[in-house]
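A.B. asks: Quick one: the structure is below, questions incoming.
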Amino acid sequence: MSTEKQKMLKGELYNGTDLELVAERQRARLLCQQLNALPATAPEADRQAILADLFHTDTDAYVTPPFFCDYGYNIHLGVKAYFNFNCVLLDVMPITIGNHVLFGPGVHIYTAVHPLNADERRSELEYAKAVTIGNDVWIGGGAIICPGVVIGDGTVIGAGSVVTRDVKAGVVAAGNPCRVIRKL
């Protein structure tokens, strides 16, 4: 029989109030709180140590506080990722981010999904869909990336966009819902 965490990581319905998952989210929140409380003059090594603990790996990402996530260990970063102020990553399933990706202020990435049926929602079960962002992507401020989305290499997502479906490589896409505006 699978644990709730195993079900979560497989994208199956799981109970988010499971004690193991609650403890892991609390751990991530404490690390985010430590990161967000660092003074601007803190040594970069202090910031990187917290990020390595949060993401469960060494990283050269630059994260401008405040930053928030659910678990941290489901965020997989390529080299030189940059997060501006107020980014939120709900990493119930993996969020895979390529190399040289830029996130404007207030970008939100969601993997968590709740059932559409009200009776099912009352059961407190949820599931998730992974998000993948290619290399050399720029996501403008205030954009929302919805569960299950794949964004191709070299793409630019306009500020304030709501990305509800995959966006191919090498395009500029914007709007609500986000759609391709032109090729690069």
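Letters A, B, ... mark the chains of the structure tokens in the order given; residue numbers begin at 1 per chain; ligand numbers begin at 1, in order shown.
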As a ChimeraX atom specification, which residues of stretch 7-180 of chain A does DSSP assign to strand (DSSP E)?
C.D. replies: /A:14-15,62-63,67-69,75-77,82-83,87-90,95-97,102-103,108-110,112-113,125-128,131-133,138-139,144-145,150-151,156-157,162-163,171-174,179-180
A.B. asks: Taking the backbone alone, and naming residues the way the document does, which bits of chain A are alpha helix (DSSP H) by DSSP, as a ChimeraX atom specification?
C.D. replies: /A:4-10,19-37,44-55,118-122
A.B. asks: Could you dump the residues just selected with C-alpha atoms as a compact mmCIF listing (two decimals), in the first residue's frame?
C.D. replies:
# COMPACT_ATOMS: atom_id res chain seq x y z
CA GLU A 4 0.23 9.58 0.95
CA LYS A 5 3.60 11.00 -0.14
CA GLN A 6 4.09 8.20 -2.67
CA LYS A 7 0.60 8.83 -4.05
CA MET A 8 1.32 12.57 -4.22
CA LEU A 9 4.55 12.04 -6.15
CA LYS A 10 2.77 9.72 -8.62
CA LEU A 19 1.36 14.10 9.06
CA GLU A 20 4.50 13.39 7.01
CA LEU A 21 3.43 15.88 4.34
CA VAL A 22 2.41 18.49 6.89
CA ALA A 23 5.84 18.19 8.55
CA GLU A 24 7.61 18.54 5.18
CA ARG A 25 5.61 21.67 4.31
CA GLN A 26 6.37 23.15 7.74
CA ARG A 27 10.08 22.48 7.18
CA ALA A 28 9.96 24.25 3.80
CA ARG A 29 8.07 27.20 5.31
CA LEU A 30 10.69 27.55 8.05
CA LEU A 31 13.47 27.56 5.45
CA CYS A 32 11.57 30.12 3.34
CA GLN A 33 11.09 32.21 6.48
CA GLN A 34 14.87 32.06 7.16
CA LEU A 35 15.61 33.03 3.56
CA ASN A 36 13.09 35.86 3.61
CA ALA A 37 14.47 37.19 6.92
CA GLU A 44 25.67 35.14 -0.46
CA ALA A 45 26.98 31.90 1.08
CA ASP A 46 24.29 32.14 3.79
CA ARG A 47 21.57 32.52 1.17
CA GLN A 48 22.95 29.65 -0.91
CA ALA A 49 23.14 27.36 2.15
CA ILE A 50 19.44 27.90 2.87
CA LEU A 51 18.56 27.31 -0.79
CA ALA A 52 20.60 24.09 -0.87
CA ASP A 53 18.73 22.87 2.21
CA LEU A 54 15.37 23.92 0.77
CA PHE A 55 15.93 22.42 -2.71
CA ALA A 118 -17.70 19.28 -4.71
CA ASP A 119 -18.23 15.95 -2.91
CA GLU A 120 -14.72 14.85 -3.88
CA ARG A 121 -13.27 18.20 -2.73
CA ARG A 122 -14.91 17.72 0.68
A.B. asks: Please report the interatomic distance between atom CA of A:Asp91 and atom CA of A:Ala42 in Å with one decimal.
C.D. replies: 26.8 Å
A.B. asks: Could you jot down the atom CA of A:Lys168 to atom CA of A:Phe103 separation for me, Å, one decimal place?
C.D. replies: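 One can read the atom CA of A:Lys168 to atom CA of A:Phe103 distance as 17.8 Å.
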A.B. asks: Any idea what's packed within 8 Å of A:Thr96, counting only C-alpha atoms, ignoring anything in its chain fewer than 6 positions away? Could you give it as a list in words?
C.D. replies: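 Selected residues are Ile75, His76, Leu77, Ala130, Val131, Thr132 and Ile133 of chain A.
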A.B. asks: List the spatial neighbours of A:Ile157 as a PDB file with C-alpha atoms, in the first residue's frame - criterion: any atom at most 7 Å away, only C-alpha atoms, same-chain residues fewer than 5 positions off excluded.
C.D. replies:
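Final file, part.pdb:
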ATOM      1  CA  TRP A 138      11.616  34.585 -19.427  1.00  0.00           C
ATOM      2  CA  ILE A 139       8.352  34.700 -17.481  1.00  0.00           C
ATOM      3  CA  GLY A 140       7.054  38.219 -16.938  1.00  0.00           C
ATOM      4  CA  VAL A 172       6.197  35.239 -27.273  1.00  0.00           C
ATOM      5  CA  ALA A 173       2.939  34.326 -25.558  1.00  0.00           C
ATOM      6  CA  ALA A 174       0.694  36.498 -23.406  1.00  0.00           C
TER       7      ALA A 174
END
A.B. asks: Hey, can you check how far atom CA of A:Gly175 sits from atom CA of A:Asn135?
C.D. replies: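 Computed distance, atom CA of A:Gly175 to atom CA of A:Asn135, equals 21.5 Å.
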